Each structure stands twice: as C-alpha cells, then as structure tokens.
>>> print(open('query_20.cif').read())   # mmCIF, C-alpha atoms and all ligand atoms
data_final
loop_
_atom_site.label_atom_id
_atom_site.label_comp_id
_atom_site.auth_asym_id
_atom_site.auth_seq_id
_atom_site.Cartn_x
_atom_site.Cartn_y
_atom_site.Cartn_z
CA MET A 1 -20.53 14.96 -20.93
CA LYS A 2 -17.89 13.98 -18.34
CA SER A 3 -14.94 12.02 -19.73
CA ARG A 4 -14.16 8.59 -18.34
CA ALA A 5 -10.99 10.00 -16.78
CA GLN A 6 -12.96 12.77 -15.08
CA GLN A 7 -15.37 10.10 -13.81
CA VAL A 8 -12.45 8.16 -12.31
CA ILE A 9 -11.25 11.26 -10.46
CA GLU A 10 -14.76 12.11 -9.31
CA ASP A 11 -15.29 8.57 -7.99
CA CYS A 12 -12.00 8.72 -6.06
CA ARG A 13 -12.99 12.03 -4.54
CA SER A 14 -16.43 10.70 -3.56
CA ILE A 15 -14.83 7.69 -1.86
CA ALA A 16 -12.40 10.00 -0.06
CA GLN A 17 -15.42 11.45 1.79
CA LEU A 18 -16.10 8.00 3.31
CA SER A 19 -13.95 8.39 6.40
CA GLU A 20 -13.72 7.58 10.12
CA ASP A 21 -12.77 11.23 10.64
CA PRO A 22 -15.05 13.99 9.30
CA THR A 23 -12.08 16.38 9.09
CA ASN A 24 -9.96 14.21 6.75
CA THR A 25 -9.73 10.92 4.83
CA THR A 26 -8.96 8.08 7.24
CA ARG A 27 -10.21 4.56 6.51
CA THR A 28 -8.60 1.61 8.28
CA PHE A 29 -9.26 -2.13 8.21
CA LEU A 30 -13.01 -2.92 8.23
CA SER A 31 -13.95 0.38 9.83
CA ALA A 32 -17.57 1.52 9.45
CA PRO A 33 -17.06 3.67 6.30
CA MET A 34 -15.77 0.55 4.52
CA HIS A 35 -19.42 -0.61 4.28
CA ASP A 36 -20.16 2.51 2.23
CA VAL A 37 -17.11 1.95 0.03
CA HIS A 38 -18.27 -1.60 -0.68
CA ARG A 39 -21.77 -0.30 -1.46
CA LEU A 40 -20.52 2.39 -3.88
CA LEU A 41 -18.03 0.16 -5.71
CA GLY A 42 -20.28 -2.90 -5.55
CA GLU A 43 -23.09 -1.01 -7.28
CA GLN A 44 -20.72 0.08 -10.03
CA MET A 45 -19.58 -3.51 -10.50
CA LEU A 46 -23.15 -4.82 -10.63
CA GLN A 47 -24.07 -2.15 -13.21
CA ILE A 48 -21.53 -3.62 -15.65
CA GLY A 49 -22.77 -7.15 -15.11
CA MET A 50 -20.12 -8.34 -12.67
CA GLU A 51 -20.67 -10.96 -10.00
CA VAL A 52 -19.85 -9.24 -6.69
CA TRP A 53 -18.95 -10.66 -3.30
CA LEU A 54 -17.04 -9.89 -0.07
CA ASP A 55 -14.50 -12.45 1.04
CA ALA A 56 -13.73 -13.32 4.68
CA MET A 57 -10.94 -10.71 4.91
CA GLY A 58 -13.30 -7.99 3.74
CA ASN A 59 -11.88 -7.77 0.22
CA LEU A 60 -14.54 -6.64 -2.25
CA ARG A 61 -14.35 -8.92 -5.29
CA GLY A 62 -16.02 -8.47 -8.69
CA LEU A 63 -15.90 -10.93 -11.60
CA TYR A 64 -16.37 -9.89 -15.22
CA ARG A 65 -16.89 -13.14 -17.06
CA ASP A 66 -15.67 -13.40 -20.58
CA GLU A 67 -18.64 -14.79 -22.48
CA VAL A 68 -16.39 -17.35 -24.16
CA GLY A 69 -15.79 -18.55 -20.59
CA ARG A 70 -12.41 -20.12 -21.10
CA GLY A 71 -11.92 -19.64 -17.34
CA ALA A 72 -8.45 -18.09 -17.35
CA ARG A 73 -8.55 -15.02 -15.14
CA LEU A 74 -6.68 -11.72 -14.92
CA LEU A 75 -6.79 -9.90 -11.57
CA LEU A 76 -6.89 -6.10 -11.47
CA GLY A 77 -7.02 -4.19 -8.21
CA SER A 78 -5.52 -2.29 -5.35
CA HIS A 79 -6.41 -1.36 -1.75
CA VAL A 80 -9.22 0.84 -0.40
CA ASP A 81 -7.90 1.42 3.11
CA THR A 82 -5.86 4.57 3.79
CA VAL A 83 -3.31 6.05 6.15
CA PRO A 84 -4.67 8.68 8.56
CA ALA A 85 -5.30 12.08 6.88
CA ALA A 86 -4.69 10.50 3.49
CA GLY A 87 -5.14 11.67 -0.05
CA ALA A 88 -7.94 10.50 -2.34
CA TYR A 89 -5.98 8.31 -4.77
CA ASP A 90 -3.52 5.98 -2.99
CA GLY A 91 -5.04 2.54 -3.61
CA VAL A 92 -8.57 3.59 -4.52
CA LEU A 93 -7.47 4.87 -7.94
CA GLY A 94 -6.39 1.35 -8.93
CA VAL A 95 -9.84 -0.10 -8.17
CA VAL A 96 -11.87 2.72 -9.70
CA LEU A 97 -9.69 2.76 -12.83
CA ALA A 98 -10.03 -1.03 -13.20
CA ILE A 99 -13.83 -0.77 -13.11
CA GLN A 100 -13.68 2.07 -15.64
CA LEU A 101 -11.53 -0.11 -17.92
CA LEU A 102 -14.25 -2.76 -17.88
CA ARG A 103 -16.79 -0.09 -18.83
CA CYS A 104 -14.47 0.88 -21.73
CA LEU A 105 -14.41 -2.77 -22.84
CA ASP A 106 -18.15 -2.28 -23.27
CA ARG A 107 -18.80 -6.05 -23.14
CA ARG A 108 -16.13 -6.70 -25.76
CA SER A 109 -14.54 -10.04 -25.00
CA PRO A 110 -10.93 -9.72 -23.76
CA GLY A 111 -10.63 -13.49 -24.20
CA PHE A 112 -10.34 -14.15 -20.45
CA ASP A 113 -12.25 -13.43 -17.25
CA ILE A 114 -11.29 -10.30 -15.31
CA GLU A 115 -11.62 -10.12 -11.53
CA VAL A 116 -11.37 -6.74 -9.81
CA VAL A 117 -10.32 -6.79 -6.13
CA ALA A 118 -10.55 -3.93 -3.64
CA PHE A 119 -8.19 -5.05 -0.90
CA SER A 120 -9.49 -4.34 2.60
CA GLU A 121 -6.14 -3.46 4.12
CA GLU A 122 -2.66 -2.69 2.75
CA GLU A 123 -1.27 0.13 4.90
CA GLY A 124 -0.88 -1.75 8.18
CA VAL A 125 -2.38 1.11 10.21
CA ARG A 126 -4.89 -0.63 12.48
CA PHE A 127 -2.98 -3.82 13.37
CA GLY A 128 0.60 -2.73 12.65
CA LEU A 129 0.84 -5.41 9.95
CA PRO A 130 0.43 -4.45 6.28
CA PHE A 131 -1.21 -6.34 3.39
CA LEU A 132 -3.95 -8.14 5.36
CA GLY A 133 -6.16 -8.07 2.24
CA SER A 134 -3.76 -9.54 -0.29
CA ARG A 135 -2.41 -12.04 2.27
CA ALA A 136 -5.88 -13.62 2.22
CA LEU A 137 -5.61 -14.21 -1.53
CA THR A 138 -2.11 -15.70 -1.29
CA GLY A 139 -2.79 -17.85 1.78
CA GLU A 140 -0.59 -15.92 4.22
CA VAL A 141 -3.20 -15.72 7.00
CA ASP A 142 -2.41 -17.70 10.14
CA GLU A 143 -3.72 -17.82 13.72
CA GLU A 144 -1.05 -15.41 14.92
CA LEU A 145 -2.26 -12.82 12.41
CA MET A 146 -5.90 -13.44 13.33
CA GLN A 147 -5.12 -12.80 17.00
CA ARG A 148 -3.18 -9.57 16.47
CA ARG A 149 -4.83 -6.80 18.43
CA ASP A 150 -5.43 -3.14 17.62
CA ALA A 151 -5.01 -0.23 20.03
CA ASN A 152 -8.40 -1.09 21.59
CA GLY A 153 -7.48 -4.72 22.15
CA ILE A 154 -9.74 -5.93 19.31
CA SER A 155 -8.33 -8.90 17.35
CA VAL A 156 -8.37 -9.22 13.56
CA GLU A 157 -10.76 -12.13 14.02
CA LYS A 158 -13.13 -10.03 16.14
CA ALA A 159 -12.93 -7.13 13.68
CA ILE A 160 -13.93 -9.50 10.87
CA ARG A 161 -16.90 -10.85 12.83
CA SER A 162 -17.98 -7.34 13.88
CA PHE A 163 -18.02 -6.36 10.21
CA GLY A 164 -20.48 -9.20 9.61
CA LEU A 165 -18.03 -11.65 8.01
CA ASP A 166 -16.99 -15.17 8.98
CA PRO A 167 -13.24 -15.68 9.57
CA LEU A 168 -13.76 -19.44 9.29
CA GLN A 169 -14.37 -18.90 5.57
CA MET A 170 -10.84 -17.48 5.06
CA ALA A 171 -9.77 -20.32 2.76
CA GLY A 172 -12.52 -19.20 0.37
CA ALA A 173 -10.69 -15.89 -0.12
CA ALA A 174 -7.83 -17.62 -1.94
CA MET A 175 -7.05 -16.42 -5.44
CA HIS A 176 -8.85 -18.45 -8.14
CA PRO A 177 -6.54 -21.22 -9.38
CA ASP A 178 -7.00 -20.12 -13.02
CA THR A 179 -5.60 -16.64 -12.26
CA PHE A 180 -2.71 -16.00 -14.65
CA GLY A 181 -1.75 -12.47 -13.70
CA TYR A 182 -2.23 -9.49 -11.40
CA VAL A 183 -1.95 -5.88 -12.63
CA GLU A 184 -2.16 -2.86 -10.32
CA PHE A 185 -2.60 0.74 -11.42
CA HIS A 186 -1.32 3.13 -8.74
CA ILE A 187 0.00 6.64 -8.25
CA GLU A 188 3.79 6.78 -7.99
CA GLN A 189 3.56 8.56 -4.63
CA GLY A 190 6.97 10.11 -5.27
CA PRO A 191 8.62 12.87 -7.36
CA VAL A 192 10.24 10.86 -10.19
CA LEU A 193 7.59 10.89 -12.93
CA ASP A 194 6.39 14.40 -12.18
CA SER A 195 9.95 15.77 -12.33
CA LEU A 196 10.37 14.09 -15.75
CA SER A 197 7.36 15.84 -17.16
CA PRO A 198 7.27 19.46 -16.00
CA ALA A 199 3.72 20.61 -16.58
CA SER A 200 4.86 23.27 -19.07
CA ARG A 201 6.48 20.76 -21.48
CA THR A 202 4.27 17.71 -21.49
CA GLN A 203 1.07 19.59 -20.71
CA ALA A 204 1.73 21.67 -23.82
CA SER A 205 2.79 18.77 -26.02
CA GLY A 206 0.17 16.48 -24.44
CA VAL A 207 2.73 13.67 -24.15
CA ARG A 208 2.29 11.88 -20.82
CA ASN A 209 4.78 9.96 -18.71
CA LEU A 210 3.60 6.70 -17.16
CA GLY A 211 5.70 4.55 -14.84
CA VAL A 212 6.31 0.90 -15.72
CA VAL A 213 7.41 -0.69 -12.45
CA GLU A 214 10.34 -3.12 -12.69
CA ALA A 215 10.64 -3.90 -8.96
CA ILE A 216 9.30 -2.94 -5.55
CA ALA A 217 11.83 -2.09 -2.85
CA GLY A 218 12.12 -4.40 0.13
CA GLN A 219 10.96 -3.07 3.47
CA THR A 220 11.47 -3.77 7.17
CA ARG A 221 9.10 -2.46 9.84
CA LEU A 222 10.56 -2.65 13.33
CA ASP A 223 9.82 -1.44 16.88
CA LEU A 224 12.72 -0.31 19.09
CA ARG A 225 11.98 -0.12 22.83
CA PHE A 226 14.28 1.92 25.11
CA VAL A 227 13.75 1.37 28.87
CA GLY A 228 15.40 3.67 31.44
CA GLU A 229 14.04 5.05 34.69
CA ALA A 230 11.17 7.45 35.21
CA ASN A 231 12.07 10.04 37.82
CA HIS A 232 11.39 13.57 39.02
CA ALA A 233 12.22 16.18 36.34
CA GLY A 234 13.07 18.80 38.96
CA THR A 235 15.22 16.92 41.46
CA THR A 236 17.18 14.40 39.36
CA PRO A 237 20.63 15.73 38.32
CA MET A 238 21.42 15.25 34.61
CA GLU A 239 24.31 12.85 35.29
CA MET A 240 22.02 10.57 37.34
CA ARG A 241 19.38 10.11 34.67
CA ARG A 242 18.46 7.08 32.54
CA ASP A 243 16.30 9.02 30.09
CA ALA A 244 14.68 6.61 27.60
CA LEU A 245 13.50 9.38 25.26
CA ALA A 246 16.93 11.03 25.10
CA GLY A 247 18.37 7.65 24.10
CA ALA A 248 15.68 7.15 21.44
CA ALA A 249 16.32 10.66 20.13
CA GLU A 250 20.07 9.97 19.80
CA TRP A 251 19.21 6.78 17.88
CA LEU A 252 16.71 8.58 15.64
CA LEU A 253 19.47 10.90 14.43
CA ALA A 254 21.70 7.87 13.81
CA VAL A 255 18.90 6.38 11.65
CA GLU A 256 18.90 9.53 9.52
CA ARG A 257 22.72 9.51 9.25
CA VAL A 258 22.87 5.86 8.13
CA ALA A 259 20.06 6.27 5.57
CA ARG A 260 21.71 9.37 4.10
CA SER A 261 24.99 7.47 3.77
CA VAL A 262 23.51 4.76 1.48
CA ALA A 263 22.36 5.73 -2.04
CA ASP A 264 18.59 5.30 -2.55
CA MET A 265 18.00 4.12 1.03
CA VAL A 266 15.08 5.56 2.99
CA ALA A 267 14.46 5.18 6.71
CA THR A 268 11.65 6.70 8.71
CA VAL A 269 10.82 6.84 12.41
CA GLY A 270 7.12 7.59 12.09
CA GLU A 271 5.75 6.55 15.45
CA ILE A 272 6.91 7.36 18.98
CA GLU A 273 5.35 6.35 22.27
CA VAL A 274 6.67 7.80 25.54
CA ARG A 275 5.81 6.63 29.07
CA PRO A 276 4.63 8.12 31.31
CA ASP A 277 4.41 10.93 28.71
CA THR A 278 4.27 13.68 31.33
CA ALA A 279 6.11 17.00 31.23
CA ASN A 280 7.61 16.83 34.72
CA VAL A 281 8.65 13.15 34.64
CA ILE A 282 11.82 11.86 33.02
CA PRO A 283 10.69 9.35 30.33
CA GLY A 284 11.17 5.84 31.65
CA GLU A 285 10.21 4.19 28.37
CA ALA A 286 10.28 5.16 24.69
CA ILE A 287 9.05 2.96 21.83
CA VAL A 288 9.86 4.10 18.28
CA SER A 289 9.01 2.54 14.92
CA LEU A 290 11.44 2.10 12.04
CA ASP A 291 10.41 1.80 8.38
CA LEU A 292 13.55 0.89 6.39
CA ARG A 293 13.54 0.39 2.61
CA HIS A 294 15.96 -0.30 -0.22
CA ALA A 295 15.93 -2.08 -3.58
CA SER A 296 18.81 -4.29 -2.38
CA ASP A 297 17.87 -6.74 0.37
CA GLN A 298 21.54 -7.10 1.27
CA GLN A 299 22.07 -3.38 1.80
CA ARG A 300 18.82 -3.14 3.76
CA GLY A 301 19.96 -6.03 5.96
CA GLU A 302 23.36 -4.46 6.56
CA ALA A 303 21.83 -1.12 7.49
CA LEU A 304 19.35 -2.84 9.80
CA ASP A 305 22.13 -4.70 11.63
CA GLN A 306 24.10 -1.45 11.93
CA LEU A 307 21.11 0.41 13.37
CA VAL A 308 20.17 -2.26 15.91
CA ALA A 309 23.82 -2.45 17.03
CA ARG A 310 23.88 1.36 17.36
CA ALA A 311 20.74 1.24 19.53
CA ARG A 312 22.37 -1.32 21.81
CA ARG A 313 25.54 0.84 22.14
CA ILE A 314 23.41 3.86 23.04
CA GLY A 315 21.68 1.67 25.62
CA GLN A 316 25.00 0.67 27.18
CA GLN A 317 26.25 4.27 27.28
CA ARG A 318 23.03 5.56 28.84
CA GLY A 319 22.15 2.63 31.10
CA LEU A 320 19.06 1.78 29.04
CA GLN A 321 17.61 -1.62 28.23
CA VAL A 322 17.04 -1.92 24.44
CA GLU A 323 14.68 -4.38 22.68
CA ALA A 324 14.16 -4.70 18.91
CA ARG A 325 10.99 -6.40 17.58
CA THR A 326 10.37 -6.91 13.86
CA ARG A 327 6.77 -6.18 12.85
CA SER A 328 7.07 -7.19 9.24
CA GLU A 329 9.73 -7.83 6.64
CA ARG A 330 9.34 -8.10 2.85
CA ASP A 331 12.18 -8.63 0.41
CA ALA A 332 12.36 -6.62 -2.77
CA VAL A 333 10.16 -8.10 -5.48
CA ALA A 334 10.73 -8.02 -9.24
CA MET A 335 7.65 -7.54 -11.40
CA ASN A 336 6.91 -10.14 -14.08
CA PRO A 337 8.90 -9.18 -17.20
CA VAL A 338 6.36 -10.61 -19.68
CA LEU A 339 3.45 -8.57 -18.26
CA THR A 340 5.73 -5.56 -17.70
CA ASP A 341 6.94 -5.57 -21.31
CA GLN A 342 3.32 -5.68 -22.48
CA LEU A 343 2.39 -2.79 -20.20
CA GLU A 344 5.30 -0.82 -21.68
CA ARG A 345 4.19 -1.72 -25.22
CA ALA A 346 0.66 -0.55 -24.39
CA VAL A 347 1.96 2.75 -22.97
CA ARG A 348 3.99 3.44 -26.10
CA ALA A 349 1.30 2.26 -28.51
CA THR A 350 -1.14 4.74 -26.99
CA GLY A 351 1.23 7.70 -27.30
CA SER A 352 2.69 8.03 -23.80
CA ILE A 353 6.30 7.79 -22.64
CA SER A 354 7.13 4.69 -20.62
CA ARG A 355 9.48 5.34 -17.69
CA ARG A 356 10.82 2.21 -15.99
CA LEU A 357 11.37 2.60 -12.26
CA THR A 358 11.60 0.84 -8.90
CA SER A 359 8.80 1.55 -6.47
CA GLY A 360 9.88 2.88 -3.09
CA ALA A 361 6.31 2.43 -1.86
CA GLY A 362 5.08 -1.03 -0.96
CA HIS A 363 2.08 -2.42 -2.82
CA ASP A 364 -0.21 -5.44 -2.84
CA ALA A 365 1.61 -6.44 -6.03
CA MET A 366 4.62 -7.41 -3.89
CA VAL A 367 2.43 -9.91 -2.02
CA MET A 368 0.60 -11.17 -5.10
CA ALA A 369 3.88 -11.64 -6.99
CA ALA A 370 4.67 -14.58 -4.72
CA LYS A 371 1.81 -16.53 -6.26
CA VAL A 372 1.07 -15.04 -9.69
CA PRO A 373 2.88 -12.93 -12.34
CA ALA A 374 2.40 -9.31 -11.25
CA ALA A 375 2.92 -5.93 -12.88
CA MET A 376 2.24 -2.27 -12.02
CA LEU A 377 1.57 0.90 -13.96
CA PHE A 378 2.21 4.22 -12.19
CA LEU A 379 0.55 7.56 -12.79
CA PRO A 380 2.58 10.68 -11.90
CA SER A 381 2.02 12.25 -8.47
CA PRO A 382 2.02 16.03 -9.04
CA GLY A 383 4.49 17.57 -6.57
CA GLY A 384 5.51 14.06 -5.51
CA ILE A 385 3.03 14.29 -2.64
CA SER A 386 1.26 11.26 -1.14
CA HIS A 387 -0.04 10.00 2.21
CA HIS A 388 -1.28 13.59 2.49
CA PRO A 389 -4.55 15.43 1.67
CA ASP A 390 -2.75 17.29 -1.17
CA GLU A 391 -2.14 14.00 -3.03
CA THR A 392 -3.58 14.37 -6.52
CA VAL A 393 -3.52 13.16 -10.15
CA ARG A 394 -3.88 14.93 -13.49
CA VAL A 395 -6.92 14.01 -15.59
CA GLU A 396 -4.64 13.74 -18.66
CA ASP A 397 -2.59 11.08 -16.89
CA VAL A 398 -5.70 9.16 -15.87
CA GLN A 399 -6.83 9.23 -19.51
CA ALA A 400 -3.38 8.04 -20.63
CA ALA A 401 -3.54 5.18 -18.12
CA LEU A 402 -7.03 4.20 -19.34
CA ASP A 403 -5.83 4.26 -22.97
CA ALA A 404 -2.80 2.13 -22.12
CA GLY A 405 -4.86 -0.20 -19.91
CA LEU A 406 -7.42 -0.83 -22.65
CA TYR A 407 -4.70 -1.49 -25.23
CA PHE A 408 -3.04 -3.86 -22.72
CA LEU A 409 -6.28 -5.84 -22.23
CA ASP A 410 -6.99 -5.96 -25.96
CA HIS A 411 -3.50 -7.26 -26.85
CA LEU A 412 -2.61 -9.30 -23.76
CA GLN A 413 -0.60 -12.46 -24.34
CA ARG A 414 -0.71 -14.51 -21.13
CA PRO A 415 2.68 -14.98 -19.39
O1 LIG B 501 3.85 2.42 2.93
C1 LIG B 501 3.76 2.12 1.76
O2 LIG B 501 4.75 1.93 1.12
C2 LIG B 501 2.43 1.97 1.11
O3 LIG B 501 1.85 3.22 0.91
N1 LIG B 501 1.59 1.12 1.88
MN MN B 502 -0.10 4.02 0.98
MN MN B 503 -1.00 2.23 -1.93
#
>>> encode(input="query_20.cif", output="structure tokens", more="lines below")
Ligand code: HGY
Ligand code: MN
Ligand code: MN
Amino acid sequence: MKSRAQQVIEDCRSIAQLSEDPTNTTRTFLSAPMHDVHRLLGEQMLQIGMEVWLDAMGNLRGLYRDEVGRGARLLLGSHVDTVPAAGAYDGVLGVVLAIQLLRCLDRRSPGFDIEVVAFSEEEGVRFGLPFLGSRALTGEVDEELMQRRDANGISVEKAIRSFGLDPLQMAGAAMHPDTFGYVEFHIEQGPVLDSLSPASRTQASGVRNLGVVEAIAGQTRLDLRFVGEANHAGTTPMEMRRDALAGAAEWLLAVERVARSVADMVATVGEIEVRPDTANVIPGEAIVSLDLRHASDQQRGEALDQLVARARRIGQQRGLQVEARTRSERDAVAMNPVLTDQLERAVRATGSISRRLTSGAGHDAMVMAAKVPAAMLFLPSPGGISHHPDETVRVEDVQAALDAGLYFLDHLQRP
C-alpha cells in the first residue's frame, strides 16, 4: 500500500508529464496542458466531496466545507504553472499536498471551511508579469494587465477567452470575504535546509528539517535596452563601432559585481535579445532582463539605482542609447507571526526541526499577504536545485510536512 507521501510525489510526477513540450516540463499561463491539470486535480477534489470551480483567471478552486458551516475559511494552495524545462514540484507540490491533507482529515471537522487554490500563473513566463493567478484573488487585475501581450501578440484577455473562460467575471475570482488565512507548502528551491540536514545524519536519525518562512525577499524585474548602430562586421573598425551587445555585456558583469558586493543580494540577467541577431552584423540593439532580490527593500533600491546609473554611464562611453523599463516590483513581505508560530509549533509537535528562514524565491504568499494573514512551510530541496528537471523532494520530508500540516489544521487558532 502506497503511503500518502508517496502518493503526493507520484501525483506531482504525473502532473509534470502534462507539458507544452514533450521533452520537458513546461506549462505556462492557460496553455493547453492546463486543461488536463484541472481535470486531474479537479477529480481528486470531487472525490473528497469538495465543490470545484475555475475562476475567470483560470485558478482551479476547491472548497471543503466544514459540516458545522461556521463560514470562516482557510486558504491552502500554490501555483500549477512552471518555468520552461522545470522540475515536478515547484508550485504543484503545494496543491497536491493540500488535497492530501484534506484526505488525511478524513471528513473530521477542522472547525472551519478549507479552500484549496491552484493558481494559474505565478512565474511570469508567458506575459512577463508574475502572480497573475493570485492577483485575481487580491483584486490586482486591471485593464493594463488584461491587455499585456505574449510573444505571439495574444493578450491576457484573449488567452482567458481562448481557454473558455470569461474575463468579465474577474470580480468573481476575489478571495471569499470570510477567508482568515492563507498557508502555502512549497519546496525551498535553495540549499539552506538541505545543507542543514546532510542525508547521512537526519536520514539515519529520521529527524527532518522543515522551513518556517519568516519573510519573502523583495524583487525587481526590469528590462534594460541598449541601442547602438548595426553595421558590417567585416568593414567597421573597432573604434568606430556602437556595439549594443558589447555595452550590455559590460553592464552584465557590473550586475554580478554589485550583487557580490552586498551580503545576501542576488541579481540575475536571465534573458537577452539581440537585433538583428546575425553573426556578420554588429548588434544594433540588445535588450536584457534583470531580476534583483534582497530581504531589505532599501538595499535593493540602492543597488537598482546604482545599476541603472552604471548602464547610463556605459551608454555615454560607448555612444549607446539606454532605456530602463520596470516590469514588476514587489517589496519584501513578512509572513503573519501568529500563523507562522503555529506552523512552527506543529513542526516541533510532530517531531521535526523547525528552521526559520527568509525565502529568496517569490511566492503567491507575498501577494496574498497584502489581503490576508499568510504563512509558508518549506520542504528541503535536495542539492538545492530548482527551476530544473533535477528538482526533487524526499518522501520522508513530504511525510513530515503532512504530519505537521495535519497537526496545524487540528490545532489552528485563527489569527
Ligand atoms: O522566481 C521565483 O522566485 C519563483 O519561482 N516564481
Ligand atoms: Mn518557480
Ligand atoms: Mn513556486
């Protein structure tokens, strides 16, 4: 008989097969495989007596009514979209584990309703803007967002209609007014927890480390556009060039230098677009992305100003036009201490070690926290790998998270 933790892992691996790309796991906002994800998870929700629906942003929602029906509601969930060539657990684990927790409740009354939400989009891959799913629950959807276009010129609004949903019903996606808390189970996606529990020690002793998240680092996503002059690669002397890519490359190394100079800062240039992108033409235009994160909003702001100023200086020195455009900006968010303390108590009461930490990764909890007390529980990421096919979890840690989650639900005092 498969354990509940093994079932969680198996479900995540089954969902990882539902992809836009047969060679890896890639599932972006309201792409075709999302229909299959909704079918698989929706069936599981229906089997445990939940009411199931899709909201206008494509979030799959399931409600487990407490038979006492006092109406107060706890939200559990995470996202079911992925980055390209993703692992099987980022996001999905939080939804599958939440459904498994309700199975563990086995119709016992937690004393409140529980809604499980599978957010349609958190990564920001298709439209360059993250958290589309949770924005719909917190009322952060406006016309500008609805008209954002993807690489094929399709708007968010059109994508919603093409999926068979009605964007005019967006207000109906709002979080239920009786929601008193949001809890997200997620993999750490970094090396901290795994380095604290080398397999030899804790595997042997069986003691597990789980992460109790105190805060989520703030993040800035920015596009930097360098414009020079395309010209012949063979006839243009070096001193007569205005090479946009060379300027972007100089800036990219400055990004790395600045991030390394500030403790706990991370900065990534993950995207680069070159025009005309041809071997024998000097690049006339280079657009690079910046993902900048730090727990301190002030230090992130200072580094951002420093980097934009550096780009402008490089532009002056190289005769390049430089434009900076912010894609999205989210300040660091503290998790709710009342819920977080109770998560920690649940971790300890069920025999695991609670490790408090700040999340470097962004999560829907940072959006939800604006409207409702939010908390997160992390499972270790073996090898610290994530946003990669080798992303994984240990079944013992999934079991520890289920044990802690059940204890949390059984003893929850509302914030
Ligand atoms: O990028 C992130 O921090 C998250 O995985 N969306
Ligand atoms: Mn992610
Ligand atoms: Mn995630």
>>> atom_distance(input="query_20.cif", atom1="CA of Gly384 in chain A", atom2="CA of Glu188 in chain A")
7.9 Å
>>> atom_distance(input="query_20.cif", atom1="CA of Ala334 in chain A", atom2="CA of Ala217 in chain A")
8.8 Å
>>> closest_atom_pairs(input="query_20.cif", of="chain A", to="ligand MN 503 (chain B)", cutoff="10 Å", atoms="all atoms listed in the file", output="JSON lines")
{"residue": "A:Ser78", "atom": "CA", "partner": "B:MN503", "partner_atom": "MN", "distance": 7.2}
{"residue": "A:His79", "atom": "CA", "partner": "B:MN503", "partner_atom": "MN", "distance": 6.5}
{"residue": "A:Val80", "atom": "CA", "partner": "B:MN503", "partner_atom": "MN", "distance": 8.5}
{"residue": "A:Asp81", "atom": "CA", "partner": "B:MN503", "partner_atom": "MN", "distance": 8.6}
{"residue": "A:Thr82", "atom": "CA", "partner": "B:MN503", "partner_atom": "MN", "distance": 7.9}
{"residue": "A:Val83", "atom": "CA", "partner": "B:MN503", "partner_atom": "MN", "distance": 9.2}
{"residue": "A:Tyr89", "atom": "CA", "partner": "B:MN503", "partner_atom": "MN", "distance": 8.4}
{"residue": "A:Asp90", "atom": "CA", "partner": "B:MN503", "partner_atom": "MN", "distance": 4.6}
{"residue": "A:Gly91", "atom": "CA", "partner": "B:MN503", "partner_atom": "MN", "distance": 4.4}
{"residue": "A:Val92", "atom": "CA", "partner": "B:MN503", "partner_atom": "MN", "distance": 8.1}
{"residue": "A:Leu93", "atom": "CA", "partner": "B:MN503", "partner_atom": "MN", "distance": 9.2}
{"residue": "A:Gly94", "atom": "CA", "partner": "B:MN503", "partner_atom": "MN", "distance": 8.9}
{"residue": "A:Glu121", "atom": "CA", "partner": "B:MN503", "partner_atom": "MN", "distance": 9.8}
{"residue": "A:Glu122", "atom": "CA", "partner": "B:MN503", "partner_atom": "MN", "distance": 7.0}
{"residue": "A:Glu123", "atom": "CA", "partner": "B:MN503", "partner_atom": "MN", "distance": 7.2}
{"residue": "A:Glu184", "atom": "CA", "partner": "B:MN503", "partner_atom": "MN", "distance": 9.9}
{"residue": "A:Phe185", "atom": "CA", "partner": "B:MN503", "partner_atom": "MN", "distance": 9.7}
{"residue": "A:His186", "atom": "CA", "partner": "B:MN503", "partner_atom": "MN", "distance": 6.9}
{"residue": "A:Ile187", "atom": "CA", "partner": "B:MN503", "partner_atom": "MN", "distance": 7.8}
{"residue": "A:Glu188", "atom": "CA", "partner": "B:MN503", "partner_atom": "MN", "distance": 9.0}
{"residue": "A:Gln189", "atom": "CA", "partner": "B:MN503", "partner_atom": "MN", "distance": 8.3}
{"residue": "A:Ala361", "atom": "CA", "partner": "B:MN503", "partner_atom": "MN", "distance": 7.3}
{"residue": "A:Gly362", "atom": "CA", "partner": "B:MN503", "partner_atom": "MN", "distance": 7.0}
{"residue": "A:His363", "atom": "CA", "partner": "B:MN503", "partner_atom": "MN", "distance": 5.6}
{"residue": "A:Asp364", "atom": "CA", "partner": "B:MN503", "partner_atom": "MN", "distance": 7.8}
{"residue": "A:Ala365", "atom": "CA", "partner": "B:MN503", "partner_atom": "MN", "distance": 9.9}
{"residue": "A:Ser386", "atom": "CA", "partner": "B:MN503", "partner_atom": "MN", "distance": 9.3}
{"residue": "A:His387", "atom": "CA", "partner": "B:MN503", "partner_atom": "MN", "distance": 8.9}
>>> atom_distance(input="query_20.cif", atom1="CA of Gly153 in chain A", atom2="CA of Ala16 in chain A")
27.1 Å
>>> residues_around(input="query_20.cif", residues="Ser354 in chain A", least_positions_apart="2", cutoff="10 Å", atoms="only C-alpha atoms", output="number ranges by chain")
A: 193, 208-213, 343-348, 351-352, 356-357, 377-378
>>> residues_around(input="query_20.cif", residues="Gln298 in chain A", least_positions_apart="6", cutoff="12 Å", atoms="only C-alpha atoms", output="VMD selection string")
chain A and resid 217 to 219 265 304 to 305 331 to 332
>>> closest_residue(input="query_20.cif", among="A:Ala279, A:Leu105, A:Leu252, A:Leu132", to="ligand LIG 501 (chain B)", atoms="all atoms listed in the file")
A:Leu132
>>> closest_residue(input="query_20.cif", among="A:Gly247, A:Gly301, A:Gly58, A:Pro22", to="Ser162 in chain A", atoms="only C-alpha atoms")
A:Gly58
>>> closest_residue(input="query_20.cif", among="A:Ala86, A:Leu196, A:Ala401, A:Val258", to="ligand LIG 501 (chain B)", atoms="all atoms listed in the file")
A:Ala86
>>> closest_residue(input="query_20.cif", among="A:Ile353, A:Leu137, A:Ala303, A:Ala370", to="Gly206 in chain A", atoms="only C-alpha atoms")
A:Ile353
